[in-house]
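Everything below belongs to coords34.cif, which stores mmCIF, C-alpha atoms.
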data_work
#
loop_
_atom_site.label_atom_id
_atom_site.label_comp_id
_atom_site.auth_asym_id
_atom_site.auth_seq_id
_atom_site.Cartn_x
_atom_site.Cartn_y
_atom_site.Cartn_z
CA MET Y 1 0.26 16.24 -22.71
CA ARG Y 2 -0.58 12.76 -23.95
CA TYR Y 3 2.13 12.86 -26.59
CA ILE Y 4 4.69 13.94 -24.04
CA ARG Y 5 3.72 10.93 -21.94
CA TYR Y 6 4.03 8.62 -24.98
CA PHE Y 7 7.45 10.02 -25.73
CA LEU Y 8 8.65 9.57 -22.15
CA GLY Y 9 7.45 5.96 -22.07
CA LEU Y 10 9.26 5.23 -25.32
CA LEU Y 11 12.41 6.83 -23.94
CA PHE Y 12 12.26 4.68 -20.81
CA ILE Y 13 11.82 1.50 -22.85
CA ILE Y 14 14.80 2.37 -25.04
CA THR Y 15 16.90 3.06 -21.93
CA ILE Y 16 15.99 -0.34 -20.52
CA LEU Y 17 16.88 -2.07 -23.79
CA ILE Y 18 20.29 -0.36 -23.79
CA PHE Y 19 20.93 -1.49 -20.24
CA ILE Y 20 19.87 -5.06 -21.03
CA SER Y 21 22.24 -5.11 -23.99
CA PHE Y 22 25.05 -4.32 -21.55
CA PHE Y 23 24.86 -7.92 -20.31
CA PRO Y 24 26.11 -10.37 -22.94
CA ILE Y 25 25.28 -13.93 -21.87
CA SER Y 26 28.77 -15.22 -22.70
CA SER Y 27 30.53 -12.97 -20.21
CA LEU Y 28 28.38 -13.79 -17.22
CA LEU Y 29 31.31 -14.58 -14.94
CA TRP Y 30 32.06 -10.95 -14.29
CA TRP Y 31 33.14 -10.46 -10.74
CA GLN Y 32 36.84 -10.70 -11.51
CA SER Y 33 36.55 -8.59 -14.64
CA GLY Y 34 35.34 -5.03 -14.54
CA ALA Y 35 31.84 -5.79 -15.69
CA LEU Y 36 30.31 -5.53 -12.21
CA SER Y 37 30.50 -1.76 -12.64
CA ARG Y 38 27.60 -2.07 -15.10
CA CYS Y 39 25.45 -3.39 -12.26
CA PHE Y 40 26.51 -0.41 -10.19
CA PHE Y 41 25.53 1.87 -13.08
CA VAL Y 42 22.02 0.42 -13.14
CA LEU Y 43 21.65 1.02 -9.40
CA LEU Y 44 23.04 4.54 -9.79
CA LEU Y 45 20.38 5.21 -12.43
CA CYS Y 46 17.78 4.07 -9.86
CA PHE Y 47 19.26 6.48 -7.32
CA ALA Y 48 19.07 9.30 -9.89
CA LEU Y 49 15.39 8.57 -10.57
CA CYS Y 50 14.64 8.56 -6.83
CA LEU Y 51 16.44 11.88 -6.41
CA LEU Y 52 14.43 13.28 -9.32
CA ARG Y 53 11.21 12.39 -7.50
CA LEU Y 54 12.67 13.80 -4.29
CA MET Y 55 13.28 17.08 -6.14
CA LEU Y 56 10.00 17.26 -8.05
CA GLY Y 57 7.58 15.74 -5.56
CA PRO Y 58 4.63 18.09 -5.13
CA THR Y 59 3.69 16.94 -1.61
CA PRO Y 60 5.80 15.94 1.43
CA ALA Y 61 4.39 12.42 1.15
CA ASP Y 62 6.06 11.97 -2.26
CA ARG Y 63 9.38 12.91 -0.73
CA ALA Y 64 8.83 10.43 2.10
CA VAL Y 65 8.20 7.69 -0.47
CA ALA Y 66 11.39 8.61 -2.34
CA ILE Y 67 13.48 8.51 0.85
CA ASP Y 68 12.02 5.14 1.84
CA THR Y 69 12.85 3.74 -1.61
CA LEU Y 70 16.40 5.09 -1.40
CA GLY Y 71 16.85 3.27 1.91
CA ILE Y 72 15.85 -0.07 0.40
CA LEU Y 73 18.03 0.47 -2.68
CA ILE Y 74 21.10 1.13 -0.52
CA VAL Y 75 20.66 -2.33 1.05
CA GLY Y 76 20.99 -3.90 -2.39
CA PHE Y 77 23.98 -1.68 -3.12
CA CYS Y 78 25.69 -2.95 0.04
CA ALA Y 79 25.06 -6.56 -1.04
CA LEU Y 80 26.65 -5.91 -4.44
CA LEU Y 81 29.64 -4.21 -2.78
CA SER Y 82 30.03 -7.21 -0.51
CA ILE Y 83 30.23 -9.57 -3.49
CA HIS Y 84 32.59 -7.24 -5.35
CA THR Y 85 35.11 -6.71 -2.57
CA GLY Y 86 34.71 -10.02 -0.72
CA ARG Y 87 34.32 -8.37 2.71
CA ASP Y 88 31.43 -9.59 4.80
CA TRP Y 89 30.91 -6.54 7.01
CA TYR Y 90 29.06 -4.73 4.22
CA LEU Y 91 26.11 -6.98 5.05
CA ASP Y 92 26.23 -5.72 8.66
CA ILE Y 93 25.83 -2.21 7.28
CA ALA Y 94 22.95 -3.48 5.13
CA ILE Y 95 21.05 -4.98 8.09
CA ALA Y 96 21.54 -1.86 10.22
CA TRP Y 97 20.52 0.37 7.32
CA ALA Y 98 17.34 -1.62 6.65
CA LEU Y 99 16.16 -1.39 10.27
CA GLN Y 100 17.14 2.27 10.61
CA SER Y 101 15.37 3.31 7.40
CA PHE Y 102 12.25 1.45 8.63
CA ILE Y 103 12.27 3.46 11.85
CA GLY Y 104 12.91 6.67 9.92
CA ALA Y 105 9.94 5.99 7.63
CA LEU Y 106 7.71 5.36 10.65
CA ALA Y 107 8.81 8.67 12.20
CA ILE Y 108 8.11 10.59 8.98
CA ALA Y 109 4.69 8.92 8.74
CA LYS Y 110 3.85 9.92 12.32
CA TYR Y 111 4.88 13.47 11.50
CA LEU Y 112 2.70 13.47 8.40
CA GLU Y 113 -0.27 12.31 10.39
CA GLY Y 114 -0.02 15.59 12.24
CA ARG Y 115 -0.51 14.27 15.72
CA GLY Y 116 2.81 14.35 17.48
CA PHE Y 117 4.94 11.52 18.62
CA ASP Y 118 3.35 10.52 21.86
CA ASP Y 119 0.58 8.11 20.87
CA MET N 1 26.84 -23.46 -12.30
CA ILE N 2 25.21 -22.19 -9.13
CA GLU N 3 27.13 -18.94 -9.49
CA ILE N 4 25.56 -18.31 -12.88
CA ILE N 5 22.10 -18.87 -11.34
CA GLY N 6 23.02 -16.33 -8.67
CA ILE N 7 24.09 -13.82 -11.32
CA ILE N 8 20.80 -14.30 -13.16
CA PHE N 9 18.97 -13.58 -9.87
CA ILE N 10 21.02 -10.39 -9.44
CA ILE N 11 20.24 -9.18 -12.98
CA ILE N 12 16.51 -9.85 -12.49
CA GLY N 13 16.66 -7.90 -9.24
CA LEU N 14 18.37 -4.95 -10.93
CA LEU N 15 15.70 -4.90 -13.65
CA PHE N 16 12.90 -4.90 -11.07
CA ASN N 17 14.62 -2.10 -9.16
CA LEU N 18 14.86 -0.04 -12.35
CA LEU N 19 11.20 -0.67 -13.19
CA GLY N 20 10.14 0.32 -9.68
CA CYS N 21 12.05 3.59 -9.93
CA ILE N 22 10.53 4.29 -13.36
CA GLY N 23 7.12 3.66 -11.81
CA LEU N 24 7.98 6.10 -9.04
CA ASN N 25 8.36 8.78 -11.71
CA ARG N 26 5.56 7.84 -14.09
CA LEU N 27 2.55 7.09 -11.89
CA PRO N 28 0.23 9.99 -11.03
CA ASP N 29 -0.34 10.08 -7.26
CA VAL N 30 1.28 9.07 -3.96
CA TYR N 31 -0.65 5.84 -3.45
CA SER N 32 0.08 4.45 -6.92
CA ARG N 33 3.73 5.38 -6.51
CA LEU N 34 3.81 3.50 -3.22
CA GLN N 35 2.35 0.46 -4.98
CA ALA N 36 5.13 0.45 -7.56
CA THR N 37 8.00 1.09 -5.19
CA THR N 38 6.91 -1.24 -2.41
CA LYS N 39 6.40 -4.23 -4.66
CA CYS N 40 9.11 -3.87 -7.28
CA VAL N 41 11.92 -2.44 -5.15
CA THR N 42 11.37 -4.85 -2.26
CA LEU N 43 11.33 -7.94 -4.45
CA GLY N 44 14.22 -6.63 -6.53
CA THR N 45 16.42 -6.07 -3.50
CA CYS N 46 15.43 -9.46 -2.07
CA SER N 47 16.42 -11.01 -5.40
CA ILE N 48 19.84 -9.31 -5.29
CA LEU N 49 20.38 -10.58 -1.74
CA PHE N 50 19.32 -14.10 -2.72
CA GLY N 51 21.80 -13.98 -5.59
CA ALA N 52 24.50 -12.98 -3.10
CA PHE N 53 23.51 -15.97 -0.97
CA LEU N 54 23.76 -18.33 -3.96
CA ILE N 55 27.18 -16.98 -4.98
CA LYS N 56 28.70 -17.02 -1.51
CA GLY N 57 27.09 -20.25 -0.26
CA ILE N 58 26.55 -20.89 3.46
CA SER N 59 29.17 -18.51 4.78
CA THR N 60 29.03 -15.33 6.84
CA THR N 61 27.87 -13.24 3.90
CA GLY N 62 25.27 -15.71 2.67
CA VAL N 63 23.57 -16.29 6.00
CA LYS N 64 23.46 -12.56 6.73
CA ALA N 65 21.91 -12.00 3.30
CA LEU N 66 19.11 -14.45 4.18
CA LEU N 67 18.51 -12.62 7.48
CA THR N 68 18.33 -9.32 5.60
CA ILE N 69 15.71 -10.80 3.24
CA VAL N 70 13.52 -11.72 6.23
CA PHE N 71 13.90 -8.25 7.75
CA LEU N 72 13.05 -6.52 4.46
CA LEU N 73 9.96 -8.64 3.82
CA LEU N 74 8.72 -7.91 7.34
CA THR N 75 9.48 -4.19 7.57
CA SER N 76 9.00 -2.58 4.16
CA PRO N 77 5.21 -3.21 3.81
CA VAL N 78 4.70 -1.84 7.32
CA ALA N 79 6.66 1.31 6.49
CA ALA N 80 4.71 1.79 3.25
CA HIS N 81 1.43 1.28 5.10
CA ALA N 82 2.40 3.92 7.67
CA VAL N 83 3.43 6.43 5.00
CA ALA N 84 0.18 5.89 3.06
CA ARG N 85 -1.92 6.34 6.16
CA GLY N 86 -0.02 9.47 7.12
CA ALA N 87 -0.47 10.87 3.62
CA HIS N 88 -4.22 10.23 3.71
CA LYS N 89 -4.56 11.76 7.17
CA SER N 90 -2.58 14.83 6.12
CA GLY N 91 -5.00 15.41 3.27
CA VAL N 92 -3.19 14.29 0.11
CA LYS N 93 -5.81 13.89 -2.62
CA LEU N 94 -6.14 10.86 -4.86
CA TRP N 95 -5.66 11.17 -8.62
CA GLU N 96 -8.57 13.03 -10.22
CA LYS N 97 -9.51 10.03 -12.38
CA SER N 98 -9.81 7.70 -9.37
CA VAL N 99 -12.92 5.58 -9.15
CA CYS N 100 -13.90 5.70 -5.50
CA ASP N 101 -12.58 6.61 -2.05
CA GLN N 102 -14.49 4.68 0.57
CA TYR N 103 -11.91 5.46 3.25
CA ALA N 104 -12.67 9.21 3.15
CA GLU N 105 -16.40 8.44 3.22
CA ASP N 106 -16.05 6.37 6.38
CA ASP N 107 -13.61 8.70 8.07
CA LYS N 108 -16.06 11.61 8.40
CA MET X 1 7.61 -18.60 31.82
CA GLY X 2 6.66 -20.06 28.45
CA LYS X 3 6.60 -16.64 26.83
CA ARG X 4 10.13 -15.91 27.98
CA LEU X 5 11.34 -19.31 26.77
CA VAL X 6 9.98 -18.70 23.25
CA LEU X 7 11.47 -15.21 23.13
CA PHE X 8 14.78 -16.61 24.36
CA ILE X 9 14.86 -19.21 21.57
CA PHE X 10 14.06 -16.63 18.89
CA SER X 11 16.67 -14.12 20.02
CA PHE X 12 19.31 -16.81 20.44
CA LEU X 13 18.70 -18.10 16.89
CA THR X 14 18.95 -14.55 15.51
CA TRP X 15 22.22 -14.09 17.38
CA LEU X 16 23.61 -17.32 15.95
CA ILE X 17 22.74 -16.20 12.42
CA LEU X 18 24.31 -12.78 12.96
CA THR X 19 27.62 -14.31 14.08
CA TRP X 20 27.49 -17.24 11.71
CA PRO X 21 30.60 -19.45 12.05
CA VAL X 22 29.45 -21.14 15.26
CA ASP X 23 32.02 -20.61 17.96
CA LEU X 24 32.20 -21.25 21.71
CA GLN X 25 32.76 -17.59 22.63
CA HIS X 26 29.88 -16.42 20.45
CA ILE X 27 27.56 -19.02 22.00
CA ILE X 28 28.43 -17.92 25.54
CA VAL X 29 27.91 -14.21 24.82
CA GLY X 30 24.72 -15.03 22.90
CA LEU X 31 23.32 -17.02 25.82
CA ALA X 32 23.95 -14.10 28.17
CA VAL X 33 22.39 -11.54 25.82
CA ALA X 34 19.35 -13.73 25.06
CA VAL X 35 18.70 -14.39 28.77
CA PHE X 36 18.94 -10.64 29.44
CA ILE X 37 16.50 -9.79 26.62
CA ALA X 38 14.02 -12.46 27.68
CA ALA X 39 14.15 -11.30 31.29
CA VAL X 40 13.69 -7.61 30.49
CA SER X 41 10.99 -7.73 27.80
CA GLY X 42 9.18 -10.89 28.80
CA GLY X 43 5.50 -10.83 27.89
CA LEU X 44 5.57 -7.95 25.44
CA PHE X 45 5.67 -9.77 22.13
CA ILE X 46 4.10 -13.19 22.50
CA GLN X 47 0.52 -13.52 23.69
CA ARG X 48 -0.59 -17.15 23.28
CA VAL X 49 2.14 -19.63 24.04
CA HIS X 50 0.18 -22.82 23.43
CA HIS X 51 0.13 -22.07 19.69
CA PHE X 52 3.84 -22.86 19.51
CA ARG X 53 3.23 -26.46 20.64
CA GLN X 54 0.90 -27.40 17.79
CA PRO X 55 2.82 -28.83 14.81
CA THR X 56 0.04 -28.36 12.22
CA ARG X 57 0.59 -24.58 12.44
CA TYR X 58 4.19 -25.01 11.28
CA LEU X 59 3.06 -27.18 8.36
CA TRP X 60 0.51 -24.55 7.27
CA PHE X 61 3.22 -21.90 7.56
CA CYS X 62 5.44 -23.96 5.25
CA TYR X 63 2.51 -24.11 2.80
CA TYR X 64 1.97 -20.35 3.12
CA ILE X 65 5.50 -19.37 2.05
CA PRO X 66 5.44 -20.68 -1.58
CA VAL X 67 1.90 -19.35 -2.13
CA PHE X 68 3.07 -15.94 -0.91
CA LEU X 69 6.20 -15.95 -3.08
CA TRP X 70 4.23 -16.91 -6.20
CA GLU X 71 1.69 -14.12 -5.63
CA CYS X 72 4.57 -11.72 -5.02
CA LEU X 73 6.17 -12.60 -8.35
CA LYS X 74 2.84 -12.18 -10.15
CA ALA X 75 2.41 -8.78 -8.48
CA ASN X 76 5.78 -7.59 -9.69
CA ILE X 77 5.22 -8.61 -13.29
CA ASP X 78 1.76 -7.02 -13.21
CA VAL X 79 3.07 -3.68 -11.91
CA ALA X 80 6.02 -3.76 -14.31
CA LEU X 81 3.75 -4.27 -17.32
CA ARG X 82 1.47 -1.45 -16.20
CA VAL X 83 4.39 0.90 -15.74
CA LEU X 84 5.95 0.07 -19.09
CA ASN X 85 2.70 0.45 -21.04
CA PRO X 86 2.73 3.89 -22.73
CA ARG X 87 -1.01 4.39 -22.12
CA LEU X 88 -0.64 3.75 -18.36
CA PRO X 89 -3.74 1.54 -17.89
CA ILE X 90 -4.54 2.20 -14.24
CA ASN X 91 -7.90 2.74 -12.62
CA PRO X 92 -7.18 3.41 -8.95
CA GLY X 93 -9.48 3.71 -5.98
CA ILE X 94 -9.83 2.83 -2.32
CA VAL X 95 -12.23 0.00 -1.44
CA LYS X 96 -13.32 -1.52 1.84
CA VAL X 97 -13.08 -5.25 2.63
CA ARG X 98 -13.99 -7.34 5.64
CA THR X 99 -11.93 -9.92 7.47
CA THR X 100 -12.68 -12.39 10.22
CA LEU X 101 -9.17 -12.55 11.67
CA LYS X 102 -8.91 -11.22 15.23
CA SER X 103 -5.33 -11.61 16.49
CA ASP X 104 -2.77 -8.84 16.00
CA THR X 105 -0.14 -11.07 14.41
CA GLY X 106 -2.68 -12.49 11.97
CA LEU X 107 -3.85 -9.02 10.95
CA THR X 108 -0.27 -7.86 10.46
CA PHE X 109 0.57 -10.83 8.26
CA LEU X 110 -2.67 -10.36 6.30
CA ALA X 111 -1.86 -6.68 5.67
CA ASN X 112 1.70 -7.56 4.62
CA SER X 113 0.50 -10.25 2.20
CA ILE X 114 -2.11 -7.92 0.71
CA THR X 115 0.50 -5.22 0.25
CA LEU X 116 2.87 -7.52 -1.61
CA THR X 117 0.27 -9.11 -3.93
CA PRO X 118 -1.05 -7.91 -7.30
CA GLY X 119 -2.40 -4.39 -7.48
CA THR X 120 -3.58 -4.10 -3.89
CA PHE X 121 -2.16 -2.12 -1.01
CA CYS X 122 -3.41 -1.90 2.57
CA ILE X 123 -3.93 1.65 3.85
CA ASP X 124 -5.70 1.34 7.20
CA ILE X 125 -6.95 -1.36 9.55
CA ASN X 126 -9.99 -1.08 11.78
CA ALA X 127 -9.32 -4.01 14.08
CA LYS X 128 -12.49 -3.73 16.17
CA GLU X 129 -14.92 -4.18 13.27
CA GLY X 130 -12.56 -6.23 11.12
CA ILE X 131 -12.39 -3.80 8.20
CA LEU X 132 -9.40 -3.22 5.93
CA TYR X 133 -9.16 -0.20 3.61
CA ILE X 134 -7.35 -1.17 0.44
CA HIS X 135 -5.95 0.93 -2.39
CA TRP X 136 -6.53 -1.02 -5.59
CA LEU X 137 -4.61 -0.16 -8.74
CA ASN X 138 -7.30 -1.56 -11.04
CA VAL X 139 -10.71 -1.43 -9.38
CA LEU X 140 -12.85 -4.31 -10.62
CA THR X 141 -15.77 -3.90 -8.21
CA LYS X 142 -16.89 -1.38 -5.60
CA ASP X 143 -18.97 -3.90 -3.66
CA THR X 144 -17.50 -4.92 -0.30
CA GLU X 145 -18.43 -8.61 -0.48
CA GLN X 146 -17.10 -9.18 -4.00
CA ALA X 147 -13.89 -7.32 -3.19
CA THR X 148 -13.47 -9.52 -0.13
CA GLN X 149 -13.89 -12.60 -2.32
CA LEU X 150 -11.30 -11.34 -4.80
CA ILE X 151 -8.62 -10.04 -2.45
CA VAL X 152 -8.76 -11.45 1.05
CA THR X 153 -10.20 -14.96 1.00
CA LYS X 154 -7.30 -17.00 -0.33
CA PHE X 155 -4.88 -15.68 2.30
CA GLU X 156 -7.42 -15.62 5.08
CA ASN X 157 -8.10 -19.35 4.83
CA ILE X 158 -4.42 -20.14 5.32
CA LEU X 159 -3.68 -17.49 7.96
CA LYS X 160 -6.71 -18.54 10.01
CA ARG X 161 -5.17 -21.96 10.42
CA ILE X 162 -1.80 -20.52 11.43
CA PHE X 163 -2.57 -17.70 13.82
CA GLU X 164 -6.10 -18.14 15.17
#

Mind turning this structure into structure tokens?
Amino acid sequence: MRYIRYFLGLLFIITILIFISFFPISSLLWWQSGALSRCFFVLLLCFALCLLRLMLGPTPADRAVAIDTLGILIVGFCALLSIHTGRDWYLDIAIAWALQSFIGALAIAKYLEGRGFDD
Amino acid sequence: MIEIIGIIFIIIGLLFNLLGCIGLNRLPDVYSRLQATTKCVTLGTCSILFGAFLIKGISTTGVKALLTIVFLLLTSPVAAHAVARGAHKSGVKLWEKSVCDQYAEDDK
Amino acid sequence: MGKRLVLFIFSFLTWLILTWPVDLQHIIVGLAVAVFIAAVSGGLFIQRVHHFRQPTRYLWFCYYIPVFLWECLKANIDVALRVLNPRLPINPGIVKVRTTLKSDTGLTFLANSITLTPGTFCIDINAKEGILYIHWLNVLTKDTEQATQLIVTKFENILKRIFE
């Protein structure tokens, strides 16, 4: 079991190094070129990891944590989309999504507490 | 120049987001996972939004990004606190190598 | 009346930020909406109005923000290093600390700051006795007093001057 954990950690570090090497310092002005898609790939990898935890999670609380994290990540995704396309209403979606995911997390927490919604 | 600083903020934010999601998968129990995601993902997303503010300047997008940062910093710890409390009340155990659980001792 | 005035100012500023390029139509609609909100939900949010008239509280709040951001950055690097370490050096546990803050806003801000600082995470608040239950990623001590010294004190001293 320990060796499996070592191997997984090593794999994660190598993945991170690959994704860092996607960003050469010389081509930092990327939002006209196609290089912004690399940023989207990093965020999509985050989404995939969250969905993995949502699938595996042994307890309902783990799934609640994964859904909460997904909500915060989508806010960042909206900000990147707003830079990429130059439209400002993506930030409106981001604000609404942040508040709505907060309320959703509170509702799930109340449900987990096992009391009911009236106190 | 200020755009490059904004891009550096965005890349730092993406890295922190990735680390938070790796922590979500590597750590052993719900409470430790909440630690990783609340800290890393919140600060990473705030960093991305601040980078958007630096790139766009004081315009519609930039000012809304600042407002979103304030909302996130206020709401995400409260949501994490509620989820942790609900998990403890619904009987999720801590990791078996945990040191102490003074909350369960006091709750009885 | 003072409570409604403060709430009106806050909601009007939020409205101005949401519709940023300042415009006469937006200001008129914002005034109407802010007056409506302040009239409907008057005394719900703000309890002690005289705190808003004391300028030292704003100065302490300005001092609180960089301290908070620095601790937040340290927390992130700490958690990132722990996650990336192949041996996963964590030592978790739930400890109990005491606080002397009484007001609701102060307790909320204290819990938020504890949640976003290194290795600690607030699970439950017992407001009557002033006890916080904290999940600690690397438990250094099980004693309540020492844990209070390590976790709470540096924020409490600032927050006491802002909210109490």

* Could the residues of chain N within 9 Å of chain X, counting all atoms listed in the file, be given as a PyMOL selection string, please? => chain N and resi 16+19-20+22-23+26-27+31-32+34-36+38-40+42-43+59-61+63-64+67+73-78+80-85+88+94-95+97-104

* Using only C-alpha atoms: which of X:Thr100, X:Asn85, X:Asn126, X:Gln47 has the shortest distance to chain Y -> X:Asn85

* Would you mind telling me which residue in N:Phe71, N:Glu96, N:Ala87, N:Gly13 lies nearest to Ala96 (chain Y) when using only C-alpha atoms? => N:Phe71

* Counting all atoms listed in the file, which of N:Met1, N:Leu49, N:Ile7, N:Leu24 gets nearest to Ile67 (chain Y)? -> N:Leu24

* To do: Using all atoms listed in the file, find the residues of chain Y whose closest atom to chain X is at most 9 Å away, then write them as number ranges by chain.
  => Y: 2, 5-10, 12-13, 92

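Minimum atom-to-atom distances from N:Gly91, N:Phe53, N:Cys21, N:Asp106 to chain Y were compared using only C-alpha atoms, and the lowest value belongs to N:Cys21.
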
* Asked: Between N:Ile4, N:Val92, N:Ala65, N:Leu15, which has the minimum distance to Phe50 (chain N) (counting only C-alpha atoms)?
  -> N:Ala65

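Here CA of Leu5 (chain X) and CA of Val40 (chain X) stand 12.5 Å from one another.
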
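Closest approach to chain N among Y:Gly76, Y:Phe40, Y:Ile18, Y:Leu56: Y:Gly76, based on all atoms listed in the file.
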
* **Ground truth for the PyMOL selection byres ((chain Y and resi 70) around 12), written as an NGL selection string** => (:Y and (43-54 or 63-69 or 71-77 or 97-98 or 101-102 or 104-105)) or (:N and (17 or 20-21 or 24 or 37-38 or 41-42 or 45))

* Asked: In Å, how far is it from CA of Ala38 (chain X) to CA of Leu59 (chain X)?
  -> 26.6 Å

List as a PDB file with C-alpha atoms, in the coordinates of the input the protein and nucleic acid residues near Tyr64 (chain X), meaning an atom at most 12 Å away when only C-alpha atoms are counted, but skip any in the same chain fewer than 2 places from it.
ATOM      1  CA  ARG X  57       0.590 -24.580  12.440  1.00  0.00           C
ATOM      2  CA  TYR X  58       4.190 -25.010  11.280  1.00  0.00           C
ATOM      3  CA  LEU X  59       3.060 -27.180   8.360  1.00  0.00           C
ATOM      4  CA  TRP X  60       0.510 -24.550   7.270  1.00  0.00           C
ATOM      5  CA  PHE X  61       3.220 -21.900   7.560  1.00  0.00           C
ATOM      6  CA  CYS X  62       5.440 -23.960   5.250  1.00  0.00           C
ATOM      7  CA  PRO X  66       5.440 -20.680  -1.580  1.00  0.00           C
ATOM      8  CA  VAL X  67       1.900 -19.350  -2.130  1.00  0.00           C
ATOM      9  CA  PHE X  68       3.070 -15.940  -0.910  1.00  0.00           C
ATOM     10  CA  LEU X  69       6.200 -15.950  -3.080  1.00  0.00           C
ATOM     11  CA  TRP X  70       4.230 -16.910  -6.200  1.00  0.00           C
ATOM     12  CA  GLU X  71       1.690 -14.120  -5.630  1.00  0.00           C
ATOM     13  CA  PHE X 109       0.570 -10.830   8.260  1.00  0.00           C
ATOM     14  CA  LEU X 110      -2.670 -10.360   6.300  1.00  0.00           C
ATOM     15  CA  SER X 113       0.500 -10.250   2.200  1.00  0.00           C
ATOM     16  CA  LYS X 154      -7.300 -17.000  -0.330  1.00  0.00           C
ATOM     17  CA  PHE X 155      -4.880 -15.680   2.300  1.00  0.00           C
ATOM     18  CA  GLU X 156      -7.420 -15.620   5.080  1.00  0.00           C
ATOM     19  CA  ASN X 157      -8.100 -19.350   4.830  1.00  0.00           C
ATOM     20  CA  ILE X 158      -4.420 -20.140   5.320  1.00  0.00           C
ATOM     21  CA  LEU X 159      -3.680 -17.490   7.960  1.00  0.00           C
ATOM     22  CA  LYS X 160      -6.710 -18.540  10.010  1.00  0.00           C
ATOM     23  CA  ARG X 161      -5.170 -21.960  10.420  1.00  0.00           C
ATOM     24  CA  ILE X 162      -1.800 -20.520  11.430  1.00  0.00           C
ATOM     25  CA  PHE X 163      -2.570 -17.700  13.820  1.00  0.00           C
TER      26      PHE X 163
END

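Taking CA of Pro60 (chain Y) and CA of Glu113 (chain Y) as the two end points, the separation is 11.4 Å.
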
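What the PyMOL selection byres ((chain N and resi 3) around 10) matches in the given file is Leu28 and Leu29 of chain Y; Met1, Ile2, Ile4, Ile5, Gly6, Ile7, Ile8, Phe9, Gly51, Ala52, Phe53, Leu54, Ile55, Lys56 and Gly57 of chain N.
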
Could those residues be written to a file, using C-alpha atoms, as a short mmCIF file (atom, residue, chain, number, x, y, z; two decimals), keeping the file's coordinate frame?
data_model
loop_
_atom_site.label_atom_id
_atom_site.label_comp_id
_atom_site.auth_asym_id
_atom_site.auth_seq_id
_atom_site.Cartn_x
_atom_site.Cartn_y
_atom_site.Cartn_z
CA LEU Y 28 28.38 -13.79 -17.22
CA LEU Y 29 31.31 -14.58 -14.94
CA MET N 1 26.84 -23.46 -12.30
CA ILE N 2 25.21 -22.19 -9.13
CA ILE N 4 25.56 -18.31 -12.88
CA ILE N 5 22.10 -18.87 -11.34
CA GLY N 6 23.02 -16.33 -8.67
CA ILE N 7 24.09 -13.82 -11.32
CA ILE N 8 20.80 -14.30 -13.16
CA PHE N 9 18.97 -13.58 -9.87
CA GLY N 51 21.80 -13.98 -5.59
CA ALA N 52 24.50 -12.98 -3.10
CA PHE N 53 23.51 -15.97 -0.97
CA LEU N 54 23.76 -18.33 -3.96
CA ILE N 55 27.18 -16.98 -4.98
CA LYS N 56 28.70 -17.02 -1.51
CA GLY N 57 27.09 -20.25 -0.26
#

Please define a box with edges along x, y and z of the file around all atoms of region 48-65 of chain Y given in the file, extend it by 6 Å on each side, and return its centre and edge lengths in Å to one decimal, as AutoDock Vina command-line options.
--center_x 11.4 --center_y 12.9 --center_z -4.2 --size_x 27.4 --size_y 22.4 --size_z 24.7

* To do: Please provide the set of residues having any atom within 9 Å of Leu7 (chain X), restricted to all atoms listed in the file, with same-chain residues fewer than 3 positions apart removed, written as a PyMOL selection string.
  => chain X and resi 2-4+10-12+34+37-38+41-43+45-46
